[in-house]
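The file target18.cif comes next; it holds mmCIF, C-alpha atoms and all ligand atoms.
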```
data_input
loop_
_atom_site.label_atom_id
_atom_site.label_comp_id
_atom_site.auth_asym_id
_atom_site.auth_seq_id
_atom_site.Cartn_x
_atom_site.Cartn_y
_atom_site.Cartn_z
CA LEU A 1 0.00 0.00 0.00
CA LYS A 2 2.73 2.42 0.95
CA GLN A 3 4.63 1.73 -2.23
CA GLU A 4 1.52 2.15 -4.29
CA ALA A 5 0.74 5.51 -2.67
CA LEU A 6 4.29 6.80 -3.04
CA THR A 7 4.37 5.86 -6.72
CA GLU A 8 1.11 7.66 -7.32
CA ILE A 9 2.37 10.73 -5.50
CA ASP A 10 5.45 10.62 -7.63
CA GLN A 11 3.47 10.65 -10.85
CA VAL A 12 1.28 13.58 -9.91
CA ASN A 13 2.16 17.03 -11.30
CA ASP A 14 -0.33 19.51 -9.93
CA ILE A 15 -1.95 20.41 -6.66
CA GLN A 16 -5.43 19.21 -7.59
CA ALA A 17 -4.26 15.71 -8.52
CA LEU A 18 -2.16 15.63 -5.36
CA THR A 19 -5.20 16.46 -3.25
CA ALA A 20 -7.07 13.63 -4.95
CA VAL A 21 -4.29 11.19 -4.02
CA LYS A 22 -4.34 12.46 -0.46
CA VAL A 23 -8.09 11.88 -0.19
CA LYS A 24 -7.74 8.47 -1.79
CA TYR A 25 -5.23 7.16 0.75
CA LEU A 26 -5.74 9.22 3.89
CA GLY A 27 -9.38 10.27 3.49
CA LYS A 28 -12.34 8.99 5.48
CA LYS A 29 -13.00 6.26 2.95
CA GLY A 30 -9.34 5.47 2.39
CA PRO A 31 -7.60 2.17 3.28
CA ILE A 32 -5.79 3.59 6.30
CA THR A 33 -8.97 4.79 7.95
CA GLU A 34 -10.50 1.43 7.13
CA VAL A 35 -7.74 -0.50 8.86
CA LEU A 36 -7.94 1.75 11.92
CA ARG A 37 -11.67 1.21 12.05
CA GLY A 38 -11.16 -2.54 11.95
CA MET A 39 -8.77 -2.45 14.94
CA ALA A 40 -11.61 -3.41 17.28
CA ASN A 41 -11.58 -6.87 15.75
CA VAL A 42 -7.87 -7.32 16.15
CA SER A 43 -6.53 -9.31 19.06
CA ALA A 44 -4.88 -7.46 21.94
CA GLU A 45 -1.37 -8.77 21.15
CA GLU A 46 -1.60 -7.80 17.51
CA ARG A 47 -3.13 -4.38 18.07
CA PRO A 48 0.04 -2.44 18.97
CA LEU A 49 1.95 -4.02 16.12
CA ILE A 50 -0.66 -3.23 13.52
CA GLY A 51 -1.25 0.24 14.99
CA LYS A 52 2.44 1.04 14.77
CA LEU A 53 2.66 -0.20 11.22
CA VAL A 54 -0.36 1.78 10.08
CA ASN A 55 0.95 4.93 11.71
CA GLU A 56 4.30 4.54 10.03
CA ILE A 57 2.68 4.08 6.67
CA ARG A 58 0.50 7.10 7.19
CA GLU A 59 3.42 9.24 8.22
CA GLU A 60 5.39 8.23 5.20
CA ILE A 61 2.54 8.95 2.87
CA GLU A 62 2.11 12.32 4.54
CA ARG A 63 5.77 13.10 4.15
CA GLY A 64 5.58 12.12 0.52
CA LEU A 65 2.59 14.37 0.02
CA ASN A 66 4.27 17.32 1.70
CA LEU A 67 7.46 16.96 -0.27
CA LYS A 68 5.50 16.80 -3.48
CA GLU A 69 3.44 19.85 -2.57
CA THR A 70 6.52 21.92 -1.93
CA ALA A 71 8.03 20.72 -5.19
CA ILE A 72 4.93 21.65 -7.18
CA LYS A 73 4.75 25.09 -5.58
CA ASN A 74 8.41 25.80 -6.16
CA LYS A 75 8.13 24.81 -9.75
CA ALA A 76 5.11 27.07 -10.27
CA LEU A 77 6.98 29.98 -8.68
CA GLU A 78 9.98 29.40 -10.89
CA GLU A 79 7.85 29.33 -13.99
CA LYS A 80 6.10 32.53 -12.93
CA LEU A 81 9.39 34.33 -12.28
CA GLU A 82 10.68 33.18 -15.62
CA LYS A 83 7.67 34.58 -17.43
CA GLU A 84 7.71 37.90 -15.60
CA THR A 85 11.30 38.88 -16.16
CA ILE A 86 11.77 42.65 -16.26
CA ASP A 87 13.84 44.15 -19.00
CA VAL A 88 15.82 46.70 -17.05
CA THR A 89 17.37 48.08 -20.21
CA LEU A 90 14.00 49.39 -21.43
CA PRO A 91 14.04 53.23 -21.38
CA GLY A 92 11.62 54.76 -18.83
CA LYS A 93 8.67 56.97 -19.65
CA PRO A 94 9.49 60.66 -19.07
CA ILE A 95 7.80 62.14 -15.98
CA SER A 96 5.93 65.25 -16.99
CA GLN A 97 7.21 68.04 -14.84
CA GLY A 98 5.13 70.92 -13.58
CA ASN A 99 6.29 74.47 -13.11
CA ARG A 100 5.40 77.35 -10.88
CA HIS A 101 2.34 79.40 -11.69
CA PRO A 102 3.09 82.45 -13.86
CA LEU A 103 1.59 84.76 -11.25
CA SER A 104 3.92 83.38 -8.59
CA LYS A 105 6.85 84.05 -10.89
CA VAL A 106 5.74 87.61 -11.61
CA ILE A 107 5.16 88.30 -7.91
CA GLU A 108 8.65 87.09 -7.14
CA GLU A 109 10.11 89.19 -9.91
CA ILE A 110 8.34 92.30 -8.60
CA GLU A 111 9.45 91.50 -5.05
CA ASP A 112 13.04 91.21 -6.21
CA ILE A 113 12.92 94.60 -7.91
CA PHE A 114 11.62 96.29 -4.77
CA ILE A 115 13.91 94.39 -2.42
CA GLY A 116 16.70 95.77 -4.63
CA MET A 117 15.46 99.26 -3.70
CA GLY A 118 15.53 98.47 0.02
CA PHE A 119 11.91 97.43 0.56
CA GLU A 120 10.81 94.64 2.88
CA VAL A 121 7.99 92.22 2.14
CA ALA A 122 5.01 92.35 4.53
CA GLU A 123 1.83 90.32 4.72
CA GLY A 124 -1.67 90.71 6.06
CA PRO A 125 -4.89 88.71 6.36
CA GLU A 126 -7.29 88.21 3.46
CA VAL A 127 -10.25 88.19 5.82
CA GLU A 128 -10.12 91.71 7.14
CA SER A 129 -12.07 93.96 9.45
CA ASP A 130 -14.03 96.87 8.12
CA TYR A 131 -11.81 99.08 10.27
CA TYR A 132 -8.52 98.21 8.55
CA ASN A 133 -9.98 97.82 5.09
CA PHE A 134 -11.90 101.09 5.12
CA GLU A 135 -12.16 103.21 8.23
CA ALA A 136 -8.47 103.53 9.05
CA LEU A 137 -7.95 104.43 5.40
CA ASN A 138 -10.13 107.47 5.72
CA LEU A 139 -13.20 105.71 4.39
CA PRO A 140 -15.77 106.08 7.16
CA LYS A 141 -18.97 104.07 7.12
CA GLU A 142 -21.44 105.43 4.56
CA HIS A 143 -18.63 107.18 2.66
CA PRO A 144 -19.63 107.18 -1.01
CA ALA A 145 -16.10 106.24 -2.12
CA ARG A 146 -16.73 102.77 -0.68
CA ASP A 147 -18.70 102.17 -3.84
CA MET A 148 -15.42 102.09 -5.76
CA GLN A 149 -14.80 98.70 -4.23
CA ASP A 150 -17.85 96.47 -4.15
CA SER A 151 -17.14 94.10 -1.32
CA PHE A 152 -17.79 90.57 -0.14
CA TYR A 153 -19.01 91.07 3.41
CA ILE A 154 -18.94 88.19 5.86
CA THR A 155 -20.56 90.11 8.69
CA GLU A 156 -21.18 93.82 9.02
CA GLU A 157 -17.69 94.26 10.45
CA ILE A 158 -15.74 91.53 8.59
CA LEU A 159 -15.11 91.27 4.87
CA MET A 160 -12.75 89.82 2.29
CA ARG A 161 -10.22 92.61 1.83
CA THR A 162 -10.92 94.65 -1.29
CA HIS A 163 -7.32 95.82 -1.60
CA THR A 164 -3.95 95.32 0.08
CA SER A 165 -4.06 98.83 1.57
CA PRO A 166 -5.11 97.58 5.05
CA VAL A 167 -1.57 96.20 5.31
CA GLN A 168 -0.35 99.82 5.22
CA VAL A 169 -2.27 100.47 8.41
CA ARG A 170 -1.22 97.20 10.06
CA THR A 171 2.44 97.82 9.22
CA MET A 172 2.47 101.36 10.55
CA LEU A 173 0.76 100.26 13.78
CA ASN A 174 3.33 97.47 14.19
CA LYS A 175 6.16 99.93 13.68
CA LYS A 176 4.78 102.08 16.49
CA GLY A 177 5.84 105.39 15.00
CA ASN A 178 9.34 104.29 13.94
CA VAL A 179 10.76 105.19 10.55
CA PRO A 180 11.56 104.41 7.86
CA VAL A 181 8.60 102.31 6.84
CA LYS A 182 9.42 100.78 3.49
CA ILE A 183 7.36 97.75 2.55
CA ILE A 184 5.62 96.02 -0.26
CA CYS A 185 2.81 93.57 0.35
CA PRO A 186 1.65 91.06 -2.24
CA GLY A 187 -1.64 89.29 -1.71
CA LYS A 188 -5.06 88.25 -2.91
CA VAL A 189 -7.92 90.73 -2.89
CA TYR A 190 -11.63 90.27 -3.55
CA ARG A 191 -14.26 92.39 -5.23
CA ARG A 192 -17.79 91.79 -6.33
CA ASP A 193 -17.16 92.04 -10.04
CA ASP A 194 -18.53 90.07 -12.93
CA ASP A 195 -15.67 88.05 -14.35
CA ASP A 196 -14.66 88.85 -17.92
CA ALA A 197 -11.48 89.21 -19.95
CA THR A 198 -10.18 92.04 -17.77
CA HIS A 199 -12.04 91.56 -14.46
CA SER A 200 -11.80 88.86 -11.84
CA HIS A 201 -13.64 88.76 -8.51
CA GLN A 202 -10.37 87.67 -6.97
CA PHE A 203 -7.04 89.06 -8.10
CA ILE A 204 -3.62 89.92 -6.77
CA GLN A 205 -2.32 93.30 -5.72
CA ILE A 206 1.04 94.47 -4.52
CA GLU A 207 0.86 97.32 -2.09
CA GLY A 208 3.79 99.65 -1.53
CA LEU A 209 4.29 102.04 1.37
CA VAL A 210 7.12 104.38 2.28
CA VAL A 211 6.96 106.68 5.31
CA ASP A 212 9.80 108.85 6.54
CA GLU A 213 10.78 112.49 6.91
CA ASN A 214 10.82 114.49 3.69
CA ILE A 215 9.17 111.93 1.44
CA THR A 216 7.73 113.66 -1.62
CA MET A 217 5.90 112.88 -4.81
CA THR A 218 9.27 112.84 -6.57
CA ASP A 219 10.26 109.79 -4.57
CA LEU A 220 7.09 108.05 -5.63
CA LYS A 221 7.75 108.86 -9.25
CA GLY A 222 11.39 107.78 -9.10
CA VAL A 223 10.60 104.46 -7.45
CA LEU A 224 7.84 103.64 -9.92
CA LEU A 225 9.88 104.65 -12.96
CA ASN A 226 12.73 102.47 -11.78
CA PHE A 227 10.27 99.62 -11.27
CA ALA A 228 8.83 100.03 -14.80
CA LYS A 229 12.29 99.99 -16.37
CA LYS A 230 13.35 96.90 -14.44
CA MET A 231 10.12 95.13 -15.29
CA TYR A 232 9.69 96.06 -18.93
CA GLY A 233 13.07 97.30 -20.10
CA ASP A 234 14.95 100.60 -20.20
CA HIS A 235 12.71 102.07 -22.87
CA ALA A 236 9.67 101.98 -20.54
CA LYS A 237 8.13 105.30 -19.50
CA ILE A 238 5.51 106.11 -16.89
CA ARG A 239 2.76 108.72 -16.86
CA LEU A 240 0.92 110.02 -13.80
CA ARG A 241 -2.71 111.04 -14.14
CA PRO A 242 -4.52 112.91 -11.35
CA SER A 243 -6.96 110.65 -9.58
CA PHE A 244 -8.76 110.18 -6.29
CA PHE A 245 -8.36 107.77 -3.42
CA PRO A 246 -9.64 108.68 0.05
CA PHE A 247 -6.38 107.48 1.63
CA THR A 248 -3.99 109.49 -0.54
CA GLU A 249 -3.75 113.19 -1.26
CA PRO A 250 -2.82 114.01 -3.93
CA SER A 251 -3.59 110.80 -5.77
CA ALA A 252 -2.45 109.58 -9.14
CA GLU A 253 -3.07 106.71 -11.45
CA VAL A 254 0.05 105.49 -13.16
CA ASP A 255 0.24 104.28 -16.72
CA VAL A 256 3.19 102.60 -18.29
CA SER A 257 4.08 103.13 -21.91
CA CYS A 258 3.30 100.02 -23.75
CA MET A 259 5.70 99.45 -26.46
CA MET A 260 6.62 96.28 -24.68
CA CYS A 261 9.63 94.33 -25.78
CA GLY A 262 10.35 90.89 -24.49
CA GLY A 263 12.24 87.87 -25.73
CA ASP A 264 9.75 87.45 -28.55
CA GLY A 265 9.83 91.00 -29.97
CA CYS A 266 7.89 94.20 -29.29
CA ARG A 267 4.20 95.08 -29.26
CA THR A 268 2.12 98.19 -28.69
CA CYS A 269 -1.00 98.53 -26.56
CA LYS A 270 -4.34 99.34 -28.06
CA ASN A 271 -4.87 102.87 -29.41
CA THR A 272 -3.32 105.09 -26.70
CA GLY A 273 0.06 103.46 -26.22
CA TRP A 274 -0.39 103.64 -22.42
CA ILE A 275 -1.87 101.19 -19.98
CA GLU A 276 -2.85 101.75 -16.37
CA ILE A 277 -1.03 99.52 -13.93
CA LEU A 278 -1.53 101.06 -10.52
CA GLY A 279 -3.09 103.59 -8.19
CA SER A 280 -0.92 105.72 -5.94
CA GLY A 281 -0.50 108.94 -4.01
CA MET A 282 0.86 110.69 -0.96
CA VAL A 283 -0.45 109.05 2.21
CA HIS A 284 -3.32 111.16 3.54
CA PRO A 285 -2.44 112.99 6.78
CA LYS A 286 -5.47 111.47 8.48
CA VAL A 287 -4.26 107.95 7.63
CA LEU A 288 -0.82 108.73 9.06
CA GLU A 289 -2.37 110.16 12.17
CA MET A 290 -4.73 107.23 12.77
CA ALA A 291 -1.75 104.88 12.45
CA GLY A 292 0.30 106.83 15.00
CA TYR A 293 2.51 108.97 12.77
CA ASP A 294 2.65 112.76 13.18
CA PRO A 295 1.69 114.17 9.76
CA GLU A 296 3.53 117.39 10.56
CA ARG A 297 6.77 115.52 10.83
CA TYR A 298 6.38 112.55 8.52
CA SER A 299 5.08 112.04 5.04
CA GLY A 300 4.80 109.04 2.80
CA PHE A 301 3.70 107.63 -0.49
CA ALA A 302 1.76 104.50 -1.30
CA PHE A 303 0.76 102.55 -4.35
CA GLY A 304 -1.24 99.48 -5.21
CA MET A 305 -0.59 97.57 -8.42
CA GLY A 306 -2.55 94.84 -10.13
CA VAL A 307 -0.27 91.86 -10.67
CA GLU A 308 -2.38 90.19 -13.38
CA ARG A 309 -2.35 93.42 -15.40
CA ILE A 310 1.40 93.64 -15.12
CA ALA A 311 1.82 90.00 -16.12
CA MET A 312 -0.66 90.32 -19.01
CA LEU A 313 1.25 93.27 -20.34
CA LYS A 314 4.59 91.61 -19.97
CA TYR A 315 3.61 88.35 -21.65
CA GLY A 316 0.93 89.55 -24.05
CA ILE A 317 -1.89 87.65 -22.32
CA ASP A 318 -5.32 88.75 -23.51
CA ASP A 319 -7.63 87.29 -20.88
CA ILE A 320 -7.22 87.45 -17.09
CA ARG A 321 -9.20 84.22 -16.74
CA HIS A 322 -6.29 82.27 -18.18
CA PHE A 323 -4.54 82.70 -14.83
CA TYR A 324 -7.34 80.96 -12.96
CA THR A 325 -8.58 78.17 -15.21
CA ASN A 326 -5.42 76.05 -14.99
CA ASP A 327 -5.29 75.01 -18.62
CA LEU A 328 -1.95 73.24 -18.99
CA ARG A 329 -1.57 74.54 -22.55
CA PHE A 330 -1.41 78.01 -21.00
CA LEU A 331 0.61 77.17 -17.90
CA ASP A 332 3.20 75.08 -19.76
CA GLN A 333 4.22 78.12 -21.79
CA PHE A 334 5.82 79.57 -18.66
CA LYS A 335 8.22 76.70 -18.16
CA ARG A 336 11.00 78.58 -19.85
CA VAL A 337 10.24 81.93 -18.23
N1 LIG B 401 -5.95 100.45 -2.85
C1 LIG B 401 -6.15 101.12 -4.12
C2 LIG B 401 -7.04 100.25 -4.99
O1 LIG B 401 -7.11 99.08 -4.79
C3 LIG B 401 -4.86 101.37 -4.83
C4 LIG B 401 -3.99 102.32 -4.10
C5 LIG B 401 -3.09 101.89 -3.16
C6 LIG B 401 -4.11 103.68 -4.33
C7 LIG B 401 -2.27 102.79 -2.50
C8 LIG B 401 -3.33 104.59 -3.67
C9 LIG B 401 -2.41 104.12 -2.74
O2 LIG B 401 -7.71 100.74 -5.85
#
```
Exercise: express the given structure as structure tokens:
Amino acid sequence: LKQEALTEIDQVNDIQALTAVKVKYLGKKGPITEVLRGMANVSAEERPLIGKLVNEIREEIERGLNLKETAIKNKALEEKLEKETIDVTLPGKPISQGNRHPLSKVIEEIEDIFIGMGFEVAEGPEVESDYYNFEALNLPKEHPARDMQDSFYITEEILMRTHTSPVQVRTMLNKKGNVPVKIICPGKVYRRDDDDATHSHQFIQIEGLVVDENITMTDLKGVLLNFAKKMYGDHAKIRLRPSFFPFTEPSAEVDVSCMMCGGDGCRTCKNTGWIEILGSGMVHPKVLEMAGYDPERYSGFAFGMGVERIAMLKYGIDDIRHFYTNDLRFLDQFKRV
């Protein structure tokens, strides 16, 4: 019986057949079980002998089965490994690499220009109080000039900042009357505007503020002209147009000449040859006073520029929405910039 079983095990080549052999010899209806069942009829002297013999046979069959099982499994594994060999000499697929958003790059470029002129970079919250966004900027409640900046209110006293000018106030208060104050502040601002090619309900401004003794409009003009030349090239000119902001007096809107030359040639702006890039002016005495600076002793200038505008002009982008729709065909063009 043992020999028979071992020969059968030897001939088997897969797990299923092996299981069948196992059932045949060791199963409930197999010969071993049968012999054990018949032990009751065996005489007392013979019982231990037969029992021992049967156990030995069973153990050997079991050993045979186990050995075979391991052999079958090993063989299967080997075959699998053989089939799945990896060709390490195959060239890999290129990983498509992202790049930083064009607005981030432009912000950094602008920061660098101003840092080069001795400015520091400041920050402020996007969720702002009515006080910093308006009141401390000489825009009391009910002031009609608030209409210039349609706002997203969260409560009566809290809103999404409509400009980066509240950072002027926060910076001056932090400085506690010390001079010079010389900061720029980049950040997101929010206005209730209908989005179109030139308007976005959320956009980026960079605020500038300088406060010291003897600061004049000439300083404002010099700083902004230098900025325009660094940003657009030495040929760039600026033009100041009288304007109004409640927090500056006098106020001016600044245009930059737009014969813009970049790596890919030059282009002019529509009809006038000028394009507005920022609002500015001499800090209003009331704003200085509310922020703890004596307007008799100190003066300052401030400006707020629209980063998208500046980027659109620099790169010839015709729709502000391109910055916010994340179309890779647009974004990928800035890889080399
Ligand atoms: N905060 C103004 C705006 O968003 C711009 C500005 C800033 C004007 C600083 C003057 C001085 O329209």
Contact table chain A vs ligand LIG 401 (chain B), cut-off 7 Å, shortest pair per residue, all atoms listed in the file, as a Markdown table:
```
| residue | atom | partner | partner_atom | distance |
| --- | --- | --- | --- | --- |
| A:Thr162 | CA | B:LIG401 | O1 | 6.8 |
| A:His163 | CA | B:LIG401 | O1 | 4.6 |
| A:Thr164 | CA | B:LIG401 | N1 | 6.2 |
| A:Ser165 | CA | B:LIG401 | N1 | 5.1 |
| A:Glu207 | CA | B:LIG401 | C5 | 6.1 |
| A:Gly208 | CA | B:LIG401 | C7 | 6.9 |
| A:Phe245 | CA | B:LIG401 | C8 | 6.0 |
| A:Phe247 | CA | B:LIG401 | C8 | 6.8 |
| A:Thr248 | CA | B:LIG401 | C8 | 5.9 |
| A:Ser251 | CA | B:LIG401 | C8 | 6.6 |
| A:Leu278 | CA | B:LIG401 | C3 | 6.6 |
| A:Gly279 | CA | B:LIG401 | C6 | 4.0 |
| A:Ser280 | CA | B:LIG401 | C8 | 3.5 |
| A:Gly281 | CA | B:LIG401 | C8 | 5.2 |
| A:Ala302 | CA | B:LIG401 | C9 | 4.4 |
| A:Phe303 | CA | B:LIG401 | C7 | 3.6 |
| A:Gly304 | CA | B:LIG401 | C5 | 3.7 |
| A:Met305 | CA | B:LIG401 | C3 | 6.7 |
```
Response to the item:
In Å and to one decimal, atom CA of A:Glu126 is distant from atom CA of A:Gly300 by 24.1 Å
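The closest residue to A:Asp14, picked from A:Leu139, A:Ile110, A:Ala76, A:Leu26 and counting only C-alpha atoms, is A:Ala76.
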Worksheet item: Using only C-alpha atoms, which of A:Glu82, A:Asp130, A:Glu123, A:Glu108 sits nearest A:Thr171?
Response: A:Glu123
Discussion item. Calculated over only C-alpha atoms, which of the candidates A:Tyr232, A:Phe114, A:Phe134, A:Phe203 has the smallest distance to A:Phe323?
Written reply: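 Checking each of A:Tyr232, A:Phe114, A:Phe134, A:Phe203 against A:Phe323, counting only C-alpha atoms, the winner is A:Phe203.
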Worksheet item: Using all atoms listed in the file, which residues sit within 12 Å of A:Val223 once same-chain residues fewer than 5 positions away are excluded, as a ChimeraX atom specification?
Response: /A:113-119,182,208-210,215-218,228-230,238,280,301-303
Worksheet item: Taking into account only C-alpha atoms, which residue in the set A:Glu249, A:Glu69, A:Glu60, A:Glu128 is nearest to A:Gln3?
Response: A:Glu60
Worksheet item: So how far away is atom CA of A:Gly273 from atom CA of A:Phe227, in Å?
Response: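 Calculated distance between atom CA of A:Phe227 and atom CA of A:Gly273 is 18.5 Å.
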Worksheet item: If you count all atoms listed in the file, which residues fall within 12 Å of A:His199, apart from same-chain ones fewer than 6 positions away, as a PyMOL selection string?
Response: chain A and resi 190-193+306+308-309+318-324
Discussion item. Between atom CA of A:Lys176 and atom CA of A:Glu213, what distance in Å does the model show, to one decimal?
Written reply: 15.4 Å
Item to complete: Find the residues around A:Arg297 up to 12 Å (all atoms listed in the file counted), leave out those fewer than 5 positions away in its own chain, and share them as a list in words.
Response: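 In the requested form, the answer reads Gly177, Asn178, Val179, Val211, Asp212, Glu213, Asn214, Ile215, Pro285, Leu288, Glu289 and Gly292 of chain A.
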Discussion item. Taking 5 positions as the minimum chain separation for residues in the same chain, which residues sit within 10 Å of A:Asn66 when counting only C-alpha atoms? Answer as a PyMOL selection string.
Written reply: chain A and resi 9+18+60-61+71-72
Fill in: Pick from A:Pro102, A:Gly124, A:Lys93, A:Thr33 nearest to A:Leu328, counting only C-alpha atoms
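Looking at the shortest contact to A:Leu328, the residue is A:Pro102.
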Worksheet item: With only C-alpha atoms as the basis for distance, which of A:Val283, A:Ala291, A:Ile95, A:Leu90 is at the shortest distance from A:Arg170?
Response: A:Ala291
Fill in: Polymer residues at most 10 Å from stretch 157-160 of chain A, all atoms listed in the file, same-chain spacing of 4 or more positions, as a list in words
Pro125, Glu126, Val127, Glu128, Ser129, Asp130, Tyr131, Tyr132, Asn133, Ser151, Phe152, Tyr153, Lys188, Val189, Tyr190, Arg191 and Gln202 of chain A
